[in-house]
Amino acid sequence: MNRLRKAVEQNNGQTLLGAALYFYDPIFLDVAAHLGYQVIWIEMEHAPITFAEAADLCRMASGSGMLTMIRVPDTRRENILKAAECGPDILDVSMIDHVSQMQEMVEYGRFAPVGKRGYFGVSRAVNYGVDNAVNETQQLLNQELCLIAQIETAEAMKNLDQLAAVPGVDLFVGPADLAASLGYPGQTLHPVVREAATRVVNAARANDKCIATACAPSDFKFWLDQRIDLLFCTNDITSLKRGAGLALEEAKALLPARS
């Protein structure tokens, strides 16, 4: 059983709530842990976080009791392998359209005999080899590391049944990119987009897959009504912006009226 599914079960089947880090910000991670967030997303598609920083964030989050998810931009071996060696609980890849991409995720993210992940016995993922049980740890990781593919394009929707059926890879809906790809940019609650999102959720459930997403507060109810497994509901930049904006508006409201 992978760590995401195990965490959902330990959460009595309720949706896990997460926050995303777009910058190397240990303070935000620490605050998120104290607030009660259960999962930290480490962003390596759009953001400038390095693999060394990602590994540090995984260490910090693990010490705070949170799950970690690293998102990489594609299925290249170097991205999958380096991210996996950082020791995350979840490894997410964006823009998955074809079964061959999922197969690459498994090939590079799982050790033999399941995949062809390179043998490296001193990474964080295998506890640096200090327990002299690297082979056993590798096989355990084959079961525990959660691989997630992002479904977020019209092309992926055409191939949804085949994608959802690939064993060992869970699903993540990218609402913003999906809306744009379907012709409704910025309209993540458009009926066409909601119908597509519901299809992904149903396909995941039909294939006994975990399902995750990220969205703005206006979309929370829709996704929570779907009883998804993991919802990322904020990020460091949004939190900073909303907090700073709220303080500014509260102060402005108390300023004397201009004559």
# chains A, B, ... in the order shown; residues from 1 in each chain; ligands from 1

call {"tool": "select_by_dssp", "arguments": {"residues": "segment 1-248 of chain A", "states": "strand (DSSP E)", "output": "ChimeraX atom specification"}}
result
/A:16-21,39-43,67-72,90-93,146-151,170-173,211-214,230-235

call {"tool": "residues_around", "arguments": {"residues": "Ala7 of chain A", "least_positions_apart": "4", "cutoff": "10 Å", "atoms": "only C-alpha atoms", "output": "MDAnalysis selection string"}}
result
chainID A and resid 2:3 11:16 38:39 66:67 229:230

call {"tool": "write_last_selection", "arguments": {"atoms": "N, CA and C atoms", "output": "PDB file, in the first residue's frame"}}
result
ATOM      1  N   ASN A   2       0.582   2.202  -0.920  1.00  0.00           N
ATOM      2  CA  ASN A   2       1.427   3.391  -0.941  1.00  0.00           C
ATOM      3  C   ASN A   2       1.074   4.343   0.208  1.00  0.00           C
ATOM      4  N   ARG A   3       1.968   5.282   0.450  1.00  0.00           N
ATOM      5  CA  ARG A   3       1.844   6.129   1.635  1.00  0.00           C
ATOM      6  C   ARG A   3       0.646   7.064   1.574  1.00  0.00           C
ATOM      7  N   ASN A  11      -6.715   8.645   8.114  1.00  0.00           N
ATOM      8  CA  ASN A  11      -7.516   9.858   8.290  1.00  0.00           C
ATOM      9  C   ASN A  11      -9.007   9.537   8.231  1.00  0.00           C
ATOM     10  N   ASN A  12      -9.327   8.275   8.473  1.00  0.00           N
ATOM     11  CA  ASN A  12     -10.718   7.787   8.461  1.00  0.00           C
ATOM     12  C   ASN A  12     -11.410   8.002   7.117  1.00  0.00           C
ATOM     13  N   GLY A  13     -10.602   7.925   6.051  1.00  0.00           N
ATOM     14  CA  GLY A  13     -11.170   8.057   4.720  1.00  0.00           C
ATOM     15  C   GLY A  13     -11.486   9.472   4.306  1.00  0.00           C
ATOM     16  N   GLN A  14     -11.202  10.444   5.159  1.00  0.00           N
ATOM     17  CA  GLN A  14     -11.481  11.843   4.828  1.00  0.00           C
ATOM     18  C   GLN A  14     -10.388  12.419   3.936  1.00  0.00           C
ATOM     19  N   THR A  15     -10.747  13.457   3.196  1.00  0.00           N
ATOM     20  CA  THR A  15      -9.802  14.121   2.310  1.00  0.00           C
ATOM     21  C   THR A  15      -8.642  14.717   3.092  1.00  0.00           C
ATOM     22  N   LEU A  16      -7.433  14.412   2.659  1.00  0.00           N
ATOM     23  CA  LEU A  16      -6.246  15.048   3.224  1.00  0.00           C
ATOM     24  C   LEU A  16      -6.122  16.456   2.637  1.00  0.00           C
ATOM     25  N   GLN A  38      -1.610  18.527   6.159  1.00  0.00           N
ATOM     26  CA  GLN A  38      -1.152  17.137   6.232  1.00  0.00           C
ATOM     27  C   GLN A  38      -0.179  16.746   5.124  1.00  0.00           C
ATOM     28  N   VAL A  39      -0.140  17.541   4.063  1.00  0.00           N
ATOM     29  CA  VAL A  39       0.720  17.211   2.924  1.00  0.00           C
ATOM     30  C   VAL A  39       1.361  18.491   2.395  1.00  0.00           C
ATOM     31  N   MET A  66       4.291  15.561   8.143  1.00  0.00           N
ATOM     32  CA  MET A  66       3.514  15.742   6.920  1.00  0.00           C
ATOM     33  C   MET A  66       4.026  14.831   5.811  1.00  0.00           C
ATOM     34  N   LEU A  67       3.128  14.416   4.924  1.00  0.00           N
ATOM     35  CA  LEU A  67       3.551  13.753   3.701  1.00  0.00           C
ATOM     36  C   LEU A  67       4.156  14.787   2.760  1.00  0.00           C
ATOM     37  N   ASP A 229      -9.212  12.151  -2.438  1.00  0.00           N
ATOM     38  CA  ASP A 229      -8.301  11.726  -1.383  1.00  0.00           C
ATOM     39  C   ASP A 229      -7.388  12.840  -0.886  1.00  0.00           C
ATOM     40  N   LEU A 230      -7.031  13.762  -1.777  1.00  0.00           N
ATOM     41  CA  LEU A 230      -6.074  14.807  -1.412  1.00  0.00           C
ATOM     42  C   LEU A 230      -6.429  16.099  -2.128  1.00  0.00           C
TER      43      LEU A 230
END

call {"tool": "atom_distance", "arguments": {"atom1": "atom CA of Tyr24 of chain A", "atom2": "atom CA of Ile42 of chain A"}}
result
8.7 Å

call {"tool": "select_by_dssp", "arguments": {"residues": "segment 68-206 of chain A", "states": "helix (DSSP H, G or I)", "output": "ChimeraX atom specification"}}
result
/A:77-85,99-109,124-129,134-144,154-158,160-165,175-181,191-206

call {"tool": "residues_around", "arguments": {"residues": "Asp30 of chain A", "least_positions_apart": "2", "cutoff": "12 Å", "atoms": "only C-alpha atoms", "output": "PyMOL selection string"}}
result
chain A and resi 19+21+24-28+32-40+57-66+236

call {"tool": "write_last_selection", "arguments": {"atoms": "N, CA, C and O atoms", "output": "mmCIF file, in the first residue's frame"}}
result
data_model
loop_
_atom_site.group_PDB
_atom_site.id
_atom_site.type_symbol
_atom_site.label_atom_id
_atom_site.label_comp_id
_atom_site.auth_asym_id
_atom_site.auth_seq_id
_atom_site.Cartn_x
_atom_site.Cartn_y
_atom_site.Cartn_z
ATOM 1 N N ALA A 19 -0.749 21.935 1.262
ATOM 2 C CA ALA A 19 -0.314 23.261 0.834
ATOM 3 C C ALA A 19 0.922 23.094 -0.050
ATOM 4 O O ALA A 19 1.703 22.154 0.133
ATOM 5 N N LEU A 21 4.500 24.498 -1.897
ATOM 6 C CA LEU A 21 5.663 25.382 -1.790
ATOM 7 C C LEU A 21 6.200 25.651 -3.188
ATOM 8 O O LEU A 21 6.636 24.723 -3.886
ATOM 9 N N TYR A 24 11.804 27.803 -1.894
ATOM 10 C CA TYR A 24 12.456 27.123 -0.778
ATOM 11 C C TYR A 24 12.193 27.952 0.478
ATOM 12 O O TYR A 24 12.902 28.899 0.781
ATOM 13 N N ASP A 25 11.133 27.594 1.188
ATOM 14 C CA ASP A 25 10.657 28.405 2.304
ATOM 15 C C ASP A 25 10.370 27.514 3.515
ATOM 16 O O ASP A 25 9.226 27.133 3.762
ATOM 17 N N PRO A 26 11.399 27.175 4.294
ATOM 18 C CA PRO A 26 11.201 26.328 5.472
ATOM 19 C C PRO A 26 10.221 26.922 6.480
ATOM 20 O O PRO A 26 9.530 26.179 7.180
ATOM 21 N N ILE A 27 10.168 28.257 6.562
ATOM 22 C CA ILE A 27 9.265 28.873 7.531
ATOM 23 C C ILE A 27 7.816 28.592 7.152
ATOM 24 O O ILE A 27 6.990 28.232 8.005
ATOM 25 N N PHE A 28 7.478 28.739 5.869
ATOM 26 C CA PHE A 28 6.108 28.442 5.446
ATOM 27 C C PHE A 28 5.773 26.980 5.719
ATOM 28 O O PHE A 28 4.671 26.648 6.182
ATOM 29 N N ALA A 32 2.815 25.762 8.100
ATOM 30 C CA ALA A 32 1.779 24.867 7.583
ATOM 31 C C ALA A 32 1.601 23.651 8.482
ATOM 32 O O ALA A 32 0.478 23.209 8.749
ATOM 33 N N ALA A 33 2.713 23.124 8.969
ATOM 34 C CA ALA A 33 2.639 21.970 9.871
ATOM 35 C C ALA A 33 1.921 22.339 11.161
ATOM 36 O O ALA A 33 1.053 21.591 11.643
ATOM 37 N N HIS A 34 2.250 23.489 11.728
ATOM 38 C CA HIS A 34 1.603 23.917 12.974
ATOM 39 C C HIS A 34 0.115 24.196 12.773
ATOM 40 O O HIS A 34 -0.699 23.982 13.684
ATOM 41 N N LEU A 35 -0.246 24.662 11.579
ATOM 42 C CA LEU A 35 -1.652 24.940 11.292
ATOM 43 C C LEU A 35 -2.469 23.659 11.116
ATOM 44 O O LEU A 35 -3.685 23.673 11.254
ATOM 45 N N GLY A 36 -1.795 22.574 10.787
ATOM 46 C CA GLY A 36 -2.505 21.311 10.630
ATOM 47 C C GLY A 36 -2.582 20.768 9.218
ATOM 48 O O GLY A 36 -3.301 19.787 8.977
ATOM 49 N N TYR A 37 -1.862 21.371 8.271
ATOM 50 C CA TYR A 37 -1.809 20.794 6.927
ATOM 51 C C TYR A 37 -1.140 19.426 7.004
ATOM 52 O O TYR A 37 -0.214 19.208 7.785
ATOM 53 N N GLN A 38 -1.610 18.527 6.159
ATOM 54 C CA GLN A 38 -1.152 17.137 6.232
ATOM 55 C C GLN A 38 -0.179 16.746 5.124
ATOM 56 O O GLN A 38 0.511 15.727 5.249
ATOM 57 N N VAL A 39 -0.140 17.541 4.063
ATOM 58 C CA VAL A 39 0.720 17.211 2.924
ATOM 59 C C VAL A 39 1.361 18.491 2.395
ATOM 60 O O VAL A 39 0.699 19.534 2.329
ATOM 61 N N ILE A 40 2.625 18.401 2.013
ATOM 62 C CA ILE A 40 3.338 19.525 1.401
ATOM 63 C C ILE A 40 3.718 19.155 -0.033
ATOM 64 O O ILE A 40 4.306 18.103 -0.290
ATOM 65 N N LEU A 57 13.546 20.012 1.990
ATOM 66 C CA LEU A 57 12.139 20.213 2.339
ATOM 67 C C LEU A 57 11.479 18.892 2.714
ATOM 68 O O LEU A 57 10.631 18.850 3.617
ATOM 69 N N CYS A 58 11.855 17.812 2.038
ATOM 70 C CA CYS A 58 11.324 16.495 2.405
ATOM 71 C C CYS A 58 11.751 16.127 3.824
ATOM 72 O O CYS A 58 10.952 15.587 4.600
ATOM 73 N N ARG A 59 12.998 16.399 4.166
ATOM 74 C CA ARG A 59 13.468 16.104 5.525
ATOM 75 C C ARG A 59 12.665 16.886 6.562
ATOM 76 O O ARG A 59 12.232 16.347 7.580
ATOM 77 N N MET A 60 12.486 18.171 6.293
ATOM 78 C CA MET A 60 11.772 19.026 7.244
ATOM 79 C C MET A 60 10.317 18.584 7.394
ATOM 80 O O MET A 60 9.800 18.488 8.514
ATOM 81 N N ALA A 61 9.665 18.316 6.273
ATOM 82 C CA ALA A 61 8.256 17.927 6.320
ATOM 83 C C ALA A 61 8.086 16.591 7.036
ATOM 84 O O ALA A 61 7.152 16.406 7.821
ATOM 85 N N SER A 62 9.007 15.675 6.778
ATOM 86 C CA SER A 62 8.948 14.377 7.444
ATOM 87 C C SER A 62 9.063 14.538 8.951
ATOM 88 O O SER A 62 8.326 13.909 9.717
ATOM 89 N N GLY A 63 9.945 15.434 9.387
ATOM 90 C CA GLY A 63 10.098 15.683 10.813
ATOM 91 C C GLY A 63 8.885 16.345 11.431
ATOM 92 O O GLY A 63 8.667 16.251 12.645
ATOM 93 N N SER A 64 8.063 16.997 10.580
ATOM 94 C CA SER A 64 6.841 17.650 11.065
ATOM 95 C C SER A 64 5.628 16.731 10.976
ATOM 96 O O SER A 64 4.520 17.138 11.325
ATOM 97 N N GLY A 65 5.820 15.525 10.447
ATOM 98 C CA GLY A 65 4.720 14.574 10.347
ATOM 99 C C GLY A 65 3.869 14.717 9.107
ATOM 100 O O GLY A 65 2.825 14.071 8.996
ATOM 101 N N MET A 66 4.291 15.561 8.143
ATOM 102 C CA MET A 66 3.514 15.742 6.920
ATOM 103 C C MET A 66 4.026 14.831 5.811
ATOM 104 O O MET A 66 5.224 14.533 5.740
ATOM 105 N N ASP A 236 2.384 28.974 -0.956
ATOM 106 C CA ASP A 236 3.081 30.034 -0.229
ATOM 107 C C ASP A 236 2.810 31.417 -0.812
ATOM 108 O O ASP A 236 2.570 32.379 -0.070
#

call {"tool": "closest_residue", "arguments": {"among": "A:Val169, A:Leu163, A:Ala206, A:Leu145", "to": "Leu4 of chain A", "atoms": "only C-alpha atoms"}}
result
A:Leu145

call {"tool": "residues_around", "arguments": {"residues": "segment 201-204 of chain A", "least_positions_apart": "6", "cutoff": "8 Å", "atoms": "only C-alpha atoms", "output": "PyMOL selection string"}}
result
chain A and resi 160-161+164+170-171+210-211+226+228

call {"tool": "write_last_selection", "arguments": {"atoms": "C-alpha atoms", "output": "JSON list (two decimals), in the first residue's frame"}}
result
[["chain", "number", "residue", "atom", "x", "y", "z"],
["A", 160, "LEU", "CA", -8.71, 8.47, -19.89],
["A", 161, "ASP", "CA", -9.88, 4.86, -19.72],
["A", 164, "ALA", "CA", -6.73, 5.06, -15.45],
["A", 170, "ASP", "CA", -2.68, 7.21, -9.18],
["A", 171, "LEU", "CA", -4.37, 10.26, -10.72],
["A", 210, "CYS", "CA", -6.27, 7.53, -5.33],
["A", 211, "ILE", "CA", -7.35, 10.89, -6.74],
["A", 226, "GLN", "CA", -16.36, 14.32, -4.94],
["A", 228, "ILE", "CA", -11.29, 13.00, -3.32]]

call {"tool": "closest_residue", "arguments": {"among": "A:Arg77, A:Arg205, A:Arg71, A:His98", "to": "Glu45 of chain A", "atoms": "only C-alpha atoms"}}
result
A:Arg71

call {"tool": "residues_around", "arguments": {"residues": "Leu178 of chain A", "least_positions_apart": "5", "cutoff": "8 Å", "atoms": "only C-alpha atoms", "output": "list in words"}}
result
Ile151, Glu152, Thr153, Ala154, Val173, Thr188 and Val193 of chain A

call {"tool": "write_last_selection", "arguments": {"atoms": "all heavy atoms", "output": "compact mmCIF listing (two decimals), in the first residue's frame"}}
result
# COMPACT_ATOMS: atom_id res chain seq x y z
N ILE A 151 -3.79 14.51 -14.95
CA ILE A 151 -4.70 14.50 -16.10
C ILE A 151 -5.21 15.93 -16.26
O ILE A 151 -5.97 16.43 -15.43
CB ILE A 151 -5.88 13.54 -15.85
CG1 ILE A 151 -5.37 12.15 -15.46
CG2 ILE A 151 -6.79 13.48 -17.07
CD1 ILE A 151 -4.48 11.50 -16.49
N GLU A 152 -4.80 16.60 -17.34
CA GLU A 152 -5.12 18.03 -17.44
C GLU A 152 -5.19 18.55 -18.86
O GLU A 152 -5.04 19.75 -19.09
CB GLU A 152 -4.10 18.84 -16.62
CG GLU A 152 -2.64 18.50 -16.88
CD GLU A 152 -1.70 19.16 -15.88
OE1 GLU A 152 -2.11 20.08 -15.16
OE2 GLU A 152 -0.53 18.74 -15.81
N THR A 153 -5.44 17.66 -19.81
CA THR A 153 -5.58 18.10 -21.20
C THR A 153 -6.73 17.36 -21.88
O THR A 153 -7.16 16.29 -21.43
CB THR A 153 -4.30 17.82 -22.00
OG1 THR A 153 -4.12 16.40 -22.13
CG2 THR A 153 -3.07 18.44 -21.35
N ALA A 154 -7.17 17.93 -22.99
CA ALA A 154 -8.20 17.26 -23.79
C ALA A 154 -7.68 15.94 -24.33
O ALA A 154 -8.44 14.96 -24.44
CB ALA A 154 -8.63 18.18 -24.94
N VAL A 173 -6.05 15.54 -10.94
CA VAL A 173 -6.71 16.42 -11.90
C VAL A 173 -6.10 17.82 -11.78
O VAL A 173 -6.07 18.39 -10.69
CB VAL A 173 -8.23 16.51 -11.66
CG1 VAL A 173 -8.87 17.41 -12.72
CG2 VAL A 173 -8.86 15.13 -11.68
N THR A 188 -12.83 27.03 -14.21
CA THR A 188 -12.66 25.67 -13.69
C THR A 188 -13.96 25.03 -13.22
O THR A 188 -14.01 23.82 -13.03
CB THR A 188 -11.65 25.67 -12.53
OG1 THR A 188 -12.06 26.63 -11.55
CG2 THR A 188 -10.26 26.01 -13.04
N VAL A 193 -16.08 21.48 -17.88
CA VAL A 193 -14.89 21.16 -17.09
C VAL A 193 -15.26 20.28 -15.90
O VAL A 193 -14.58 19.30 -15.58
CB VAL A 193 -14.18 22.44 -16.62
CG1 VAL A 193 -12.92 22.10 -15.83
CG2 VAL A 193 -13.83 23.33 -17.82

call {"tool": "closest_residue", "arguments": {"among": "A:Lys209, A:Arg76, A:His190, A:Arg117", "to": "Gln101 of chain A", "atoms": "only C-alpha atoms"}}
result
A:Arg76

call {"tool": "closest_residue", "arguments": {"among": "A:Gln103, A:Thr75, A:Ser123, A:Asn235", "to": "Gly18 of chain A", "atoms": "only C-alpha atoms"}}
result
A:Asn235

call {"tool": "decode", "arguments": {"residues": "segment 148-159 of chain A", "atoms": "all heavy atoms", "output": "CSV table (one decimal), in the first residue's frame"}}
result
chain,number,residue,atom,x,y,z
A,148,ILE,N,2.0,9.6,-9.1
A,148,ILE,CA,0.7,10.2,-9.5
A,148,ILE,C,0.9,10.9,-10.9
A,148,ILE,O,1.9,11.6,-11.1
A,148,ILE,CB,0.2,11.3,-8.5
A,148,ILE,CG1,-0.3,10.6,-7.3
A,148,ILE,CG2,-0.9,12.2,-9.1
A,148,ILE,CD1,-1.0,11.5,-6.3
A,149,ALA,N,0.0,10.7,-11.8
A,149,ALA,CA,0.0,11.3,-13.1
A,149,ALA,C,-1.1,12.4,-13.2
A,149,ALA,O,-2.3,12.1,-12.8
A,149,ALA,CB,-0.3,10.2,-14.2
A,150,GLN,N,-0.7,13.6,-13.7
A,150,GLN,CA,-1.7,14.6,-13.8
A,150,GLN,C,-2.5,14.6,-15.1
A,150,GLN,O,-1.9,14.5,-16.2
A,150,GLN,CB,-1.0,16.0,-13.7
A,150,GLN,CG,-0.5,16.3,-12.3
A,150,GLN,CD,-0.3,17.7,-12.0
A,150,GLN,OE1,0.5,18.1,-11.1
A,150,GLN,NE2,-1.1,18.6,-12.6
A,151,ILE,N,-3.8,14.5,-15.0
A,151,ILE,CA,-4.7,14.5,-16.1
A,151,ILE,C,-5.2,15.9,-16.3
A,151,ILE,O,-6.0,16.4,-15.4
A,151,ILE,CB,-5.9,13.5,-15.9
A,151,ILE,CG1,-5.4,12.2,-15.5
A,151,ILE,CG2,-6.8,13.5,-17.1
A,151,ILE,CD1,-4.5,11.5,-16.5
A,152,GLU,N,-4.8,16.6,-17.3
A,152,GLU,CA,-5.1,18.0,-17.4
A,152,GLU,C,-5.2,18.6,-18.9
A,152,GLU,O,-5.0,19.7,-19.1
A,152,GLU,CB,-4.1,18.8,-16.6
A,152,GLU,CG,-2.6,18.5,-16.9
A,152,GLU,CD,-1.7,19.2,-15.9
A,152,GLU,OE1,-2.1,20.1,-15.2
A,152,GLU,OE2,-0.5,18.7,-15.8
A,153,THR,N,-5.4,17.7,-19.8
A,153,THR,CA,-5.6,18.1,-21.2
A,153,THR,C,-6.7,17.4,-21.9
A,153,THR,O,-7.2,16.3,-21.4
A,153,THR,CB,-4.3,17.8,-22.0
A,153,THR,OG1,-4.1,16.4,-22.1
A,153,THR,CG2,-3.1,18.4,-21.4
A,154,ALA,N,-7.2,17.9,-23.0
A,154,ALA,CA,-8.2,17.3,-23.8
A,154,ALA,C,-7.7,15.9,-24.3
A,154,ALA,O,-8.4,15.0,-24.4
A,154,ALA,CB,-8.6,18.2,-24.9
A,155,GLU,N,-6.4,15.9,-24.6
A,155,GLU,CA,-5.8,14.6,-25.1
A,155,GLU,C,-5.9,13.5,-24.1
A,155,GLU,O,-6.2,12.4,-24.3
A,155,GLU,CB,-4.3,14.9,-25.6
A,155,GLU,CG,-3.6,13.7,-26.1
A,155,GLU,CD,-4.1,13.2,-27.5
A,155,GLU,OE1,-4.9,14.0,-28.1
A,155,GLU,OE2,-3.8,12.1,-27.9
A,156,ALA,N,-5.6,13.9,-22.8
A,156,ALA,CA,-5.6,13.0,-21.7
A,156,ALA,C,-7.1,12.5,-21.5
A,156,ALA,O,-7.3,11.3,-21.2
A,156,ALA,CB,-5.1,13.6,-20.4
A,157,MET,N,-8.0,13.3,-21.7
A,157,MET,CA,-9.4,12.9,-21.6
A,157,MET,C,-9.8,11.9,-22.6
A,157,MET,O,-10.6,11.0,-22.3
A,157,MET,CB,-10.4,14.1,-21.6
A,157,MET,CG,-10.2,15.1,-20.4
A,157,MET,SD,-10.4,14.4,-18.8
A,157,MET,CE,-12.0,13.7,-18.9
A,158,LYS,N,-9.3,12.0,-23.8
A,158,LYS,CA,-9.6,11.1,-24.9
A,158,LYS,C,-9.0,9.7,-24.5
A,158,LYS,O,-9.6,8.6,-24.8
A,158,LYS,CB,-8.9,11.5,-26.2
A,158,LYS,CG,-9.5,12.7,-26.8
A,158,LYS,CD,-8.8,13.1,-28.1
A,158,LYS,CE,-9.3,14.4,-28.7
A,158,LYS,NZ,-8.5,14.8,-29.9
A,159,ASN,N,-7.9,9.7,-23.8
A,159,ASN,CA,-7.2,8.4,-23.4
A,159,ASN,C,-7.5,8.0,-21.9
A,159,ASN,O,-6.8,7.2,-21.4
A,159,ASN,CB,-5.7,8.6,-23.6
A,159,ASN,CG,-5.4,8.9,-25.0
A,159,ASN,OD1,-6.0,8.5,-26.0
A,159,ASN,ND2,-4.4,9.8,-25.2
